[in-house]
$ cat run-v9.cif   # mmCIF, C-alpha atoms (C1' of nucleotides)
data_protein
#
loop_
_atom_site.label_atom_id
_atom_site.label_comp_id
_atom_site.auth_asym_id
_atom_site.auth_seq_id
_atom_site.Cartn_x
_atom_site.Cartn_y
_atom_site.Cartn_z
CA MET X 820 33.38 24.01 -4.09
CA SER X 821 32.20 27.52 -4.89
CA VAL X 822 29.88 29.43 -2.62
CA ARG X 823 27.23 29.25 -5.29
CA LYS X 824 27.43 25.50 -5.43
CA ALA X 825 27.51 25.19 -1.69
CA ARG X 826 24.26 27.13 -1.49
CA ALA X 827 22.72 24.83 -4.00
CA ALA X 828 23.87 21.77 -2.12
CA GLU X 829 22.40 23.25 1.01
CA THR X 830 19.04 23.69 -0.64
CA GLU X 831 19.09 20.20 -2.02
CA ALA X 832 19.89 18.84 1.41
CA ALA X 833 17.13 20.92 2.93
CA LEU X 834 14.65 19.56 0.41
CA LYS X 835 15.67 16.00 1.14
CA GLU X 836 15.48 16.49 4.84
CA ALA X 837 12.09 18.13 4.55
CA ALA X 838 10.90 15.29 2.36
CA ARG X 839 11.98 12.73 4.92
CA ARG X 840 10.01 14.51 7.59
CA GLN X 841 6.95 14.87 5.41
CA PHE X 842 6.99 11.24 4.34
CA VAL X 843 6.85 10.13 7.93
CA GLU X 844 4.22 12.68 8.83
CA ARG X 845 1.81 12.42 5.91
CA GLY X 846 3.04 9.41 4.02
CA TYR X 847 4.69 9.41 0.64
CA LEU X 848 1.54 9.41 -1.45
CA ASN X 849 -0.09 12.25 0.42
CA THR X 850 2.96 14.45 0.30
CA LYS X 851 2.81 17.12 -2.41
CA ILE X 852 5.83 18.79 -3.93
CA SER X 853 4.65 22.02 -2.39
CA ASP X 854 4.52 20.38 1.04
CA ILE X 855 8.18 19.56 0.72
CA THR X 856 9.28 22.96 -0.48
CA ALA X 857 7.19 24.69 2.15
CA ALA X 858 8.68 22.54 4.89
CA ALA X 859 12.12 23.31 3.55
CA GLY X 860 11.36 27.01 3.44
CA ARG X 861 11.91 27.26 -0.31
CA ALA X 862 9.79 28.19 -3.29
CA THR X 863 7.93 25.49 -5.15
CA GLY X 864 9.79 26.20 -8.34
CA SER X 865 13.15 25.52 -6.74
CA PHE X 866 12.30 21.89 -6.37
CA TYR X 867 12.68 21.32 -10.08
CA ASP X 868 16.19 22.72 -10.10
CA HIS X 869 17.19 19.65 -8.13
CA PHE X 870 14.82 16.85 -8.95
CA THR X 871 12.60 15.98 -11.83
CA GLY X 872 9.82 14.79 -9.56
CA LYS X 873 8.91 12.90 -6.43
CA GLU X 874 10.13 9.54 -7.69
CA ASP X 875 13.45 11.09 -8.56
CA LEU X 876 13.75 12.46 -5.06
CA LEU X 877 12.94 9.06 -3.64
CA ARG X 878 15.70 7.51 -5.70
CA ALA X 879 18.08 10.09 -4.27
CA LEU X 880 17.06 9.30 -0.71
CA LEU X 881 17.55 5.63 -1.43
CA ALA X 882 21.01 6.31 -2.79
CA ASP X 883 21.89 8.35 0.29
CA MET X 884 20.83 5.50 2.48
CA ARG X 885 22.96 3.03 0.57
CA ASP X 886 25.93 5.36 0.82
CA GLN X 887 25.58 5.34 4.55
CA GLY X 888 26.06 1.63 4.47
CA HIS X 889 22.50 0.82 5.23
CA ASP X 890 20.85 -1.34 2.69
CA LEU X 891 17.20 -2.24 2.72
CA ALA X 892 17.72 -5.10 0.36
CA ALA X 893 20.66 -7.08 1.56
CA PRO X 894 22.35 -6.92 4.93
CA GLU X 895 25.64 -8.81 5.07
CA HIS X 896 25.35 -12.48 5.81
CA PRO X 897 28.50 -14.21 6.94
CA ALA X 898 26.52 -16.90 8.71
CA HIS X 899 24.41 -19.42 6.91
CA ASP X 900 22.11 -21.40 9.07
CA LEU X 901 18.70 -19.88 9.59
CA THR X 902 17.70 -22.77 11.82
CA ASP X 903 20.17 -21.51 14.37
CA ARG X 904 18.20 -19.22 16.65
CA ASP X 905 20.92 -16.64 17.10
CA GLN X 906 21.55 -16.39 13.40
CA LEU X 907 17.89 -16.10 12.51
CA ARG X 908 17.36 -13.51 15.18
CA GLN X 909 20.36 -11.60 13.99
CA HIS X 910 18.98 -11.46 10.47
CA LEU X 911 15.60 -10.27 11.60
CA ALA X 912 17.16 -7.73 13.92
CA VAL X 913 19.30 -6.26 11.16
CA ALA X 914 16.39 -6.02 8.77
CA TRP X 915 14.25 -4.40 11.44
CA ARG X 916 16.97 -1.99 12.43
CA VAL X 917 17.53 -0.83 8.88
CA MET X 918 13.84 -0.22 8.43
CA ARG X 919 13.55 1.60 11.72
CA ASP X 920 16.60 3.76 11.08
CA ASN X 921 15.25 4.70 7.69
CA ARG X 922 11.61 5.13 8.35
CA PRO X 923 11.03 7.76 5.65
CA VAL X 924 12.48 5.59 2.94
CA THR X 925 10.83 2.45 4.24
CA ILE X 926 7.47 4.17 4.20
CA ALA X 927 7.96 5.77 0.82
CA LEU X 928 9.10 2.59 -0.87
CA PHE X 929 6.19 0.65 0.51
CA GLU X 930 3.64 3.19 -0.59
CA SER X 931 5.11 3.70 -4.00
CA ALA X 932 5.15 -0.03 -4.57
CA ILE X 933 1.44 -0.14 -3.86
CA ALA X 934 0.67 2.88 -5.96
CA ALA X 935 2.31 1.21 -8.93
CA GLY X 936 -0.80 -0.89 -8.85
CA PRO X 937 -1.39 -4.55 -9.52
CA GLY X 938 -1.20 -6.22 -12.84
CA SER X 939 2.26 -5.03 -13.69
CA GLY X 940 3.95 -7.80 -11.76
CA ASP X 941 6.04 -5.05 -10.27
CA PHE X 942 4.94 -5.61 -6.74
CA TRP X 943 5.76 -9.28 -6.80
CA ARG X 944 9.10 -8.56 -8.43
CA ARG X 945 10.09 -6.02 -5.81
CA LEU X 946 9.10 -8.36 -3.03
CA VAL X 947 11.19 -11.15 -4.51
CA GLU X 948 14.16 -8.84 -4.85
CA GLU X 949 13.92 -7.55 -1.32
CA THR X 950 13.87 -11.05 0.09
CA GLU X 951 16.92 -12.28 -1.71
CA VAL X 952 18.84 -12.84 1.50
CA PHE X 953 16.22 -15.12 2.96
CA ARG X 954 15.77 -17.02 -0.26
CA ASP X 955 19.50 -17.65 -0.54
CA HIS X 956 19.76 -18.92 2.98
CA LEU X 957 16.72 -21.10 2.55
CA ALA X 958 18.04 -22.55 -0.68
CA HIS X 959 21.24 -23.27 1.17
CA LEU X 960 19.33 -25.20 3.81
CA GLU X 961 17.51 -27.10 1.13
CA ARG X 962 20.73 -28.18 -0.48
CA ARG X 963 21.76 -29.52 2.90
CA GLU X 964 18.66 -31.67 2.83
CA HIS X 965 16.96 -29.72 5.54
CA PRO X 966 13.22 -30.00 4.90
CA LEU X 967 11.58 -26.62 4.31
CA PRO X 968 7.89 -25.72 4.58
CA GLY X 969 7.92 -25.06 0.85
CA ASP X 970 9.61 -23.40 -2.09
CA PRO X 971 12.43 -21.10 -0.91
CA THR X 972 11.16 -18.18 -2.95
CA LEU X 973 7.68 -18.49 -1.53
CA VAL X 974 8.88 -18.92 2.03
CA GLY X 975 11.27 -16.02 1.63
CA VAL X 976 8.57 -13.78 0.26
CA ALA X 977 6.22 -14.80 3.06
CA ILE X 978 8.78 -13.88 5.68
CA GLY X 979 9.76 -10.67 3.95
CA GLY X 980 6.16 -9.71 3.45
CA MET X 981 5.42 -10.25 7.10
CA LEU X 982 8.36 -8.05 8.01
CA SER X 983 7.43 -5.23 5.62
CA MET X 984 3.85 -5.20 6.69
CA LEU X 985 4.71 -5.18 10.35
CA ALA X 986 7.30 -2.49 9.82
CA TYR X 987 4.81 -0.28 8.02
CA ALA X 988 2.14 -0.82 10.63
CA LEU X 989 4.40 -0.49 13.62
CA LEU X 990 7.14 1.89 12.58
CA ALA X 991 5.09 4.13 10.33
CA ASP X 992 1.67 4.15 11.79
CA ALA X 993 2.58 4.02 15.44
CA PRO X 994 5.86 5.91 15.83
CA ASP X 995 5.47 6.04 19.56
CA SER X 996 5.67 2.32 19.26
CA ARG X 997 3.47 0.54 21.73
CA LEU X 998 5.75 -2.44 21.33
CA ALA X 999 9.45 -2.58 22.03
CA ASP X 1000 11.70 -3.55 19.15
CA ASP X 1001 13.12 -6.45 21.10
CA GLU X 1002 9.72 -7.89 21.79
CA VAL X 1003 8.84 -7.78 18.11
CA ILE X 1004 12.08 -9.38 17.04
CA ASP X 1005 11.93 -12.09 19.67
CA THR X 1006 8.37 -12.91 18.76
CA LEU X 1007 9.10 -13.13 15.07
CA THR X 1008 12.17 -15.23 15.72
CA ASP X 1009 10.25 -17.80 17.70
CA LEU X 1010 7.30 -17.78 15.37
CA LEU X 1011 9.44 -18.31 12.32
CA LEU X 1012 11.75 -20.81 13.91
CA TYR X 1013 9.41 -23.07 15.83
CA GLY X 1014 5.98 -21.98 14.66
CA LEU X 1015 2.84 -21.98 16.71
CA ALA X 1016 3.43 -25.52 17.90
CA GLY X 1017 6.47 -24.35 19.77
CA ARG X 1018 9.78 -25.98 20.42
CA ASP X 1019 8.51 -28.82 22.57
CA PRO X 1020 5.44 -30.53 21.17
CA ALA X 1021 4.71 -31.26 24.82
CA MET C 271 -40.40 -2.58 -8.39
CA SER C 272 -41.15 -0.05 -11.10
CA VAL C 273 -39.47 -0.09 -14.47
CA ARG C 274 -37.77 3.14 -13.60
CA LYS C 275 -36.29 1.73 -10.46
CA ALA C 276 -35.27 -1.43 -12.18
CA ARG C 277 -33.32 0.60 -14.72
CA ALA C 278 -31.59 2.43 -11.94
CA ALA C 279 -30.71 -0.77 -10.18
CA GLU C 280 -29.32 -2.07 -13.43
CA THR C 281 -27.07 0.94 -13.80
CA GLU C 282 -25.90 0.67 -10.25
CA ALA C 283 -25.07 -2.97 -10.76
CA ALA C 284 -23.26 -2.15 -13.98
CA LEU C 285 -21.19 0.47 -12.20
CA LYS C 286 -20.26 -1.94 -9.44
CA GLU C 287 -19.35 -4.65 -11.86
CA ALA C 288 -17.28 -2.25 -13.92
CA ALA C 289 -15.56 -1.03 -10.78
CA ARG C 290 -14.65 -4.56 -9.80
CA ARG C 291 -13.08 -5.16 -13.17
CA GLN C 292 -11.21 -1.89 -13.10
CA PHE C 293 -9.87 -2.42 -9.60
CA VAL C 294 -8.32 -5.69 -10.63
CA GLU C 295 -6.99 -4.25 -13.87
CA ARG C 296 -5.57 -0.90 -12.77
CA GLY C 297 -5.76 -1.07 -9.02
CA TYR C 298 -8.05 0.90 -6.77
CA LEU C 299 -5.92 4.01 -6.50
CA ASN C 300 -5.31 4.29 -10.20
CA THR C 301 -8.94 3.86 -11.13
CA LYS C 302 -10.72 7.13 -11.90
CA ILE C 303 -14.45 7.64 -11.61
CA SER C 304 -14.49 8.17 -15.34
CA ASP C 305 -12.75 4.82 -15.89
CA ILE C 306 -15.59 3.13 -14.08
CA THR C 307 -18.39 4.92 -15.89
CA ALA C 308 -16.70 4.41 -19.23
CA ALA C 309 -16.27 0.70 -18.56
CA ALA C 310 -19.92 0.53 -17.57
CA GLY C 311 -20.95 2.39 -20.69
CA ARG C 312 -22.50 5.26 -18.74
CA ALA C 313 -21.88 8.97 -18.46
CA THR C 314 -19.59 10.29 -15.78
CA GLY C 315 -22.32 12.27 -14.16
CA SER C 316 -24.45 9.20 -13.58
CA PHE C 317 -21.98 7.90 -11.09
CA TYR C 318 -23.03 10.49 -8.55
CA ASP C 319 -26.66 9.48 -8.73
CA HIS C 320 -25.62 6.23 -7.06
CA PHE C 321 -22.55 6.90 -5.00
CA THR C 322 -21.01 9.89 -3.35
CA GLY C 323 -17.52 8.87 -4.33
CA LYS C 324 -15.07 6.03 -4.73
CA GLU C 325 -14.92 5.20 -1.04
CA ASP C 326 -18.68 5.00 -0.93
CA LEU C 327 -18.65 2.57 -3.82
CA LEU C 328 -16.05 0.49 -2.05
CA ARG C 329 -18.24 0.31 1.03
CA ALA C 330 -21.07 -0.91 -1.18
CA LEU C 331 -18.90 -3.63 -2.69
CA LEU C 332 -17.85 -4.68 0.79
CA ALA C 333 -21.47 -4.88 1.87
CA ASP C 334 -22.34 -6.97 -1.17
CA MET C 335 -19.59 -9.35 -0.29
CA ARG C 336 -20.78 -9.68 3.26
CA ASP C 337 -24.30 -10.33 2.04
CA GLN C 338 -23.03 -13.21 0.01
CA GLY C 339 -21.77 -14.76 3.19
CA HIS C 340 -18.15 -14.06 2.47
CA ASP C 341 -16.47 -12.08 5.12
CA LEU C 342 -12.97 -10.77 4.88
CA ALA C 343 -12.77 -10.15 8.58
CA ALA C 344 -14.07 -13.21 10.32
CA PRO C 345 -14.71 -16.62 8.83
CA GLU C 346 -16.62 -18.91 11.16
CA HIS C 347 -14.54 -20.77 13.67
CA PRO C 348 -16.16 -23.75 15.29
CA ALA C 349 -12.83 -25.36 16.05
CA HIS C 350 -10.36 -23.90 18.48
CA ASP C 351 -6.93 -25.37 18.34
CA LEU C 352 -4.56 -23.69 15.94
CA THR C 353 -1.82 -26.15 16.85
CA ASP C 354 -3.82 -28.84 15.15
CA ARG C 355 -2.57 -28.94 11.58
CA ASP C 356 -5.93 -29.55 9.98
CA GLN C 357 -7.56 -26.76 11.86
CA LEU C 358 -4.80 -24.28 11.14
CA ARG C 359 -4.79 -25.24 7.51
CA GLN C 360 -8.53 -24.88 7.37
CA HIS C 361 -8.34 -21.36 8.72
CA LEU C 362 -5.68 -20.31 6.28
CA ALA C 363 -7.53 -21.94 3.42
CA VAL C 364 -10.75 -20.10 4.23
CA ALA C 365 -8.99 -16.78 4.51
CA TRP C 366 -7.19 -17.37 1.24
CA ARG C 367 -10.33 -18.48 -0.52
CA VAL C 368 -12.26 -15.42 0.54
CA MET C 369 -9.49 -13.17 -0.68
CA ARG C 370 -9.20 -15.02 -3.96
CA ASP C 371 -12.94 -15.04 -4.56
CA ASN C 372 -13.10 -11.34 -3.89
CA ARG C 373 -10.01 -10.08 -5.56
CA PRO C 374 -11.41 -6.64 -6.41
CA VAL C 375 -12.37 -5.93 -2.84
CA THR C 376 -9.21 -7.44 -1.43
CA ILE C 377 -7.13 -5.23 -3.68
CA ALA C 378 -9.16 -2.11 -3.06
CA LEU C 379 -9.15 -2.46 0.69
CA PHE C 380 -5.44 -3.00 0.77
CA GLU C 381 -4.70 0.01 -1.39
CA SER C 382 -7.10 2.28 0.38
CA ALA C 383 -5.59 1.33 3.72
CA ILE C 384 -2.20 2.41 2.44
CA ALA C 385 -3.49 5.60 0.91
CA ALA C 386 -4.88 6.63 4.28
CA GLY C 387 -1.26 7.17 5.08
CA PRO C 388 0.73 6.59 8.24
CA GLY C 389 0.46 8.54 11.41
CA SER C 390 -3.27 8.13 11.81
CA GLY C 391 -2.98 4.76 13.46
CA ASP C 392 -5.59 3.66 11.01
CA PHE C 393 -3.49 1.09 9.30
CA TRP C 394 -2.55 -0.62 12.53
CA ARG C 395 -6.16 -0.53 13.68
CA ARG C 396 -7.44 -2.12 10.50
CA LEU C 397 -4.82 -4.81 10.68
CA VAL C 398 -5.74 -5.61 14.26
CA GLU C 399 -9.41 -5.79 13.36
CA GLU C 400 -8.84 -8.05 10.40
CA THR C 401 -6.87 -10.49 12.48
CA GLU C 402 -9.38 -10.86 15.23
CA VAL C 403 -9.94 -14.54 14.51
CA PHE C 404 -6.32 -15.42 14.89
CA ARG C 405 -5.92 -13.33 17.99
CA ASP C 406 -8.89 -14.99 19.64
CA HIS C 407 -7.63 -18.43 18.89
CA LEU C 408 -4.17 -17.58 20.09
CA ALA C 409 -5.48 -16.08 23.30
CA HIS C 410 -7.42 -19.28 23.76
CA LEU C 411 -4.23 -21.30 23.44
CA GLU C 412 -2.51 -19.03 25.89
CA ARG C 413 -5.21 -19.59 28.47
CA ARG C 414 -4.60 -23.28 28.06
CA GLU C 415 -1.02 -22.64 29.03
CA HIS C 416 0.27 -23.36 25.59
CA PRO C 417 3.43 -21.26 25.17
CA LEU C 418 3.16 -18.78 22.29
CA PRO C 419 5.98 -17.01 20.44
CA GLY C 420 4.69 -13.75 21.87
CA ASP C 421 1.74 -11.50 22.51
CA PRO C 422 -1.40 -12.84 20.78
CA THR C 423 -2.17 -9.52 19.13
CA LEU C 424 1.31 -9.23 17.72
CA VAL C 425 1.43 -12.82 16.53
CA GLY C 426 -2.02 -12.48 15.00
CA VAL C 427 -1.07 -9.30 13.20
CA ALA C 428 2.13 -10.90 11.95
CA ILE C 429 0.22 -13.83 10.51
CA GLY C 430 -2.51 -11.65 9.06
CA GLY C 431 0.02 -9.26 7.59
CA MET C 432 1.84 -12.11 5.94
CA LEU C 433 -1.41 -13.32 4.45
CA SER C 434 -2.52 -9.90 3.16
CA MET C 435 0.82 -9.16 1.65
CA LEU C 436 1.02 -12.50 -0.07
CA ALA C 437 -2.53 -12.21 -1.30
CA TYR C 438 -1.88 -8.82 -2.80
CA ALA C 439 1.34 -9.92 -4.42
CA LEU C 440 0.05 -13.24 -5.66
CA LEU C 441 -3.64 -12.74 -6.33
CA ALA C 442 -3.50 -9.16 -7.51
CA ASP C 443 -0.20 -8.76 -9.17
CA ALA C 444 0.04 -12.18 -10.75
CA PRO C 445 -3.50 -13.24 -11.63
CA ASP C 446 -2.19 -16.03 -13.79
CA SER C 447 -0.81 -17.27 -10.54
CA ARG C 448 2.52 -18.95 -10.97
CA LEU C 449 1.79 -20.80 -7.76
CA ALA C 450 -1.12 -23.10 -7.04
CA ASP C 451 -3.36 -22.15 -4.15
CA ASP C 452 -2.75 -25.45 -2.44
CA GLU C 453 0.97 -25.03 -2.53
CA VAL C 454 0.71 -21.61 -0.93
CA ILE C 455 -1.62 -22.82 1.77
CA ASP C 456 0.42 -25.89 2.57
CA THR C 457 3.58 -23.87 2.76
CA LEU C 458 2.07 -21.30 5.07
CA THR C 459 0.57 -23.98 7.24
CA ASP C 460 3.87 -25.70 7.78
CA LEU C 461 5.77 -22.49 8.20
CA LEU C 462 3.38 -21.16 10.80
CA LEU C 463 2.94 -24.43 12.61
CA TYR C 464 6.45 -25.79 12.80
CA GLY C 465 8.60 -22.92 11.63
CA LEU C 466 11.81 -23.18 9.73
CA ALA C 467 13.21 -25.73 12.13
CA GLY C 468 10.57 -28.16 10.99
CA ARG C 469 8.66 -30.78 12.84
CA ASP C 470 11.57 -33.04 13.68
CA PRO C 471 14.57 -31.17 15.01
CA ALA C 472 16.51 -34.06 13.52
"C1'" DG B 166 19.78 28.93 -8.21
"C1'" DT B 167 16.14 30.93 -6.33
"C1'" DC B 168 12.38 33.45 -6.48
"C1'" DT B 169 7.24 34.98 -8.11
"C1'" DA B 170 3.81 34.40 -11.08
"C1'" DT B 171 1.29 31.85 -14.01
"C1'" DA B 172 0.01 28.35 -17.44
"C1'" DC B 173 -1.71 23.76 -17.85
"C1'" DT B 174 -3.76 19.48 -16.67
"C1'" DG B 175 -6.36 15.75 -14.73
"C1'" DG B 176 -10.07 14.56 -12.62
"C1'" DG B 177 -13.85 15.31 -9.13
"C1'" DA B 178 -18.06 17.16 -8.91
"C1'" DT B 179 -22.43 19.82 -10.28
"C1'" DA B 180 -26.21 22.16 -13.24
"C1'" DG B 181 -29.77 21.69 -16.03
"C1'" DA B 182 -31.92 19.78 -20.28
"C1'" DC B 183 -34.12 15.74 -21.48
"C1'" DG Y 983 -32.08 8.73 -13.75
"C1'" DT Y 984 -29.32 9.70 -17.29
"C1'" DC Y 985 -27.21 12.49 -20.21
"C1'" DT Y 986 -24.00 16.66 -21.89
"C1'" DA Y 987 -21.63 20.39 -20.74
"C1'" DT Y 988 -19.10 22.79 -17.69
"C1'" DC Y 989 -17.07 24.44 -13.61
"C1'" DC Y 990 -13.48 24.25 -10.43
"C1'" DC Y 991 -9.72 23.05 -7.70
"C1'" DA Y 992 -5.41 20.98 -6.40
"C1'" DG Y 993 -1.08 20.11 -7.98
"C1'" DT Y 994 2.47 19.89 -11.37
"C1'" DA Y 995 5.46 22.12 -14.00
"C1'" DT Y 996 7.46 26.15 -16.58
"C1'" DA Y 997 8.86 31.11 -17.75
"C1'" DG Y 998 11.37 34.76 -16.81
"C1'" DA Y 999 12.96 38.44 -13.53
"C1'" DC Y 1000 16.39 38.87 -10.16
#

$ encode --input "run-v9.cif" --output "structure tokens"
Amino acid sequence: MSVRKARAAETEAALKEAARRQFVERGYLNTKISDITAAAGRATGSFYDHFTGKEDLLRALLADMRDQGHDLAAPEHPAHDLTDRDQLRQHLAVAWRVMRDNRPVTIALFESAIAAGPGSGDFWRRLVEETEVFRDHLAHLERREHPLPGDPTLVGVAIGGMLSMLAYALLADAPDSRLADDEVIDTLTDLLLYGLAGRDPA
Amino acid sequence: MSVRKARAAETEAALKEAARRQFVERGYLNTKISDITAAAGRATGSFYDHFTGKEDLLRALLADMRDQGHDLAAPEHPAHDLTDRDQLRQHLAVAWRVMRDNRPVTIALFESAIAAGPGSGDFWRRLVEETEVFRDHLAHLERREHPLPGDPTLVGVAIGGMLSMLAYALLADAPDSRLADDEVIDTLTDLLLYGLAGRDPA
DNA sequence: GTCTATACTGGGATAGAC
DNA sequence: GTCTATCCCAGTATAGAC
């Protein structure tokens, strides 16, 4: 790689890194192109030598994340019984960990989904996509004649929605998290597994 | 009330009504002042004779809703045992109904909460406020020595977040709801009461 | 490829006639 | 109170020198 290209790659990396920081600090929607370039110590114009716009940059960040093995959408799932506490907890923990480790992207995706606005069906579609893992596992349970609270898609979306919302509120809005990750995960596990009634209907 | 004032009130009402329609159609964030005035058949400038801005208008819509007895934050709660299926279902149904009956406001509040951006702690705060009812009931259970999945605030926020998210996705993004209200409410009731394991750990 | 400078735009907001 | 006309700014995006 030539020196020229290396420089360019450096700038691109700097822009991405700056963007990540800004997204966490001000949120995706409130971050202006000029905020990013300023934080990266570059001129505004330079941005457009690397990206066509903010959405394009977000796509790039998403791709980077995927390359690093992290995947917001679908963590691996060798196991297949969500009614097993350890397995359910494991799933929730992985999802939470991915979101926590990729706060900038988590935040940005959430905000951009909202900004797309209602009516397009886009929001619902994205939510359904993101919750594929849960839906699959739930459908699996259903085939095994395990009674579910309702339609697998709906239940999956409910669970996924709860997770996203909590992640945004807790990871984005309160970085100095007042709640430990483990507490959150344990709570969600028990809530989703046994509900408010609890294990023993004592 | 003078004729003059009546005219003004009419315009104000027209603006509010137009805003409600626009919020559902394009979303709160994507709605411009000029969209509202145009939809109301008034000039852009007239808007400012009634409201100082979009947020001000939203506050007015919220107040209207409250006046009509609907309250996004706290439906009445004479009963006090969320582990009773009927009572839990009732709570969820009321919350859902209020959101459905006030789609414009539900949508606008959700979007404006996001737009506030992370970092301010505002989002978390709003979520905690909105879920006061649940938290109170859960705390009540806890005092009665009923074991909960976790901290009442956290559990309440989780439940409320699930509801908000689902409402936005289902009520806002898919108005021609592919899912019946009753199905949603029944599913959530069973999920939250008994969890994925179900009533009988058969 | 990166800079500086600037053109362009959307949309919020106001002035002033009616 | 409502209109028309306009101002004005923030932000995006481009042009062109280096």

$ residues_around --input "run-v9.cif" --residues "Y:DA997" --least-positions-apart "2" --cutoff "12 Å" --atoms "all atoms listed in the file" --output "list in words"
Gly864 of chain X; DT169, DA170, DT171 and DA172 of chain B; DA995 and DA999 of chain Y

$ interface_residues --input "run-v9.cif" --of "chain Y" --to "chain X" --cutoff "10 Å" --atoms "all atoms listed in the file" --output "list of chain:residue names"
Y:DA992, Y:DG993, Y:DT994, Y:DA995, Y:DT996

$ resolve_selection --input "run-v9.cif" --expression "the PyMOL selection byres ((chain C) within 6 of (chain X))" --output "list of chain:residue names"
C:Gly297, C:Thr353, C:Gly387, C:Pro388, C:Gly389, C:Gly391, C:Trp394, C:Pro419, C:Gly420, C:Ala428, C:Gly431, C:Met432, C:Met435, C:Ala439, C:Ala442, C:Asp443, C:Ala444, C:Thr457, C:Asp460, C:Leu461, C:Leu462, C:Leu463, C:Tyr464, C:Gly465, C:Leu466, C:Ala467

$ resolve_selection --input "run-v9.cif" --expression "the PyMOL selection byres ((chain B and resi 183) around 9)" --output "list in words"
DA182 of chain B; DT984 and DC985 of chain Y

$ resolve_selection --input "run-v9.cif" --expression "the PyMOL selection byres ((chain X) within 7 of (chain B))" --output "JSON, numbers by chain"
{"X": [827, 862, 865]}

$ write_last_selection --input "run-v9.cif" --atoms "C-alpha atoms" --output "PDB file, in the frame of the given file"
ATOM      1  CA  ALA X 827      22.720  24.830  -4.000  1.00  0.00           C
ATOM      2  CA  ALA X 862       9.790  28.190  -3.290  1.00  0.00           C
ATOM      3  CA  SER X 865      13.150  25.520  -6.740  1.00  0.00           C
TER       4      SER X 865
END

$ atom_distance --input "run-v9.cif" --atom1 "atom CA of X:Leu877" --atom2 "atom CA of X:Ala833"
14.2 Å

$ atom_distance --input "run-v9.cif" --atom1 "atom CA of X:Ala837" --atom2 "atom CA of X:Thr856"
7.5 Å
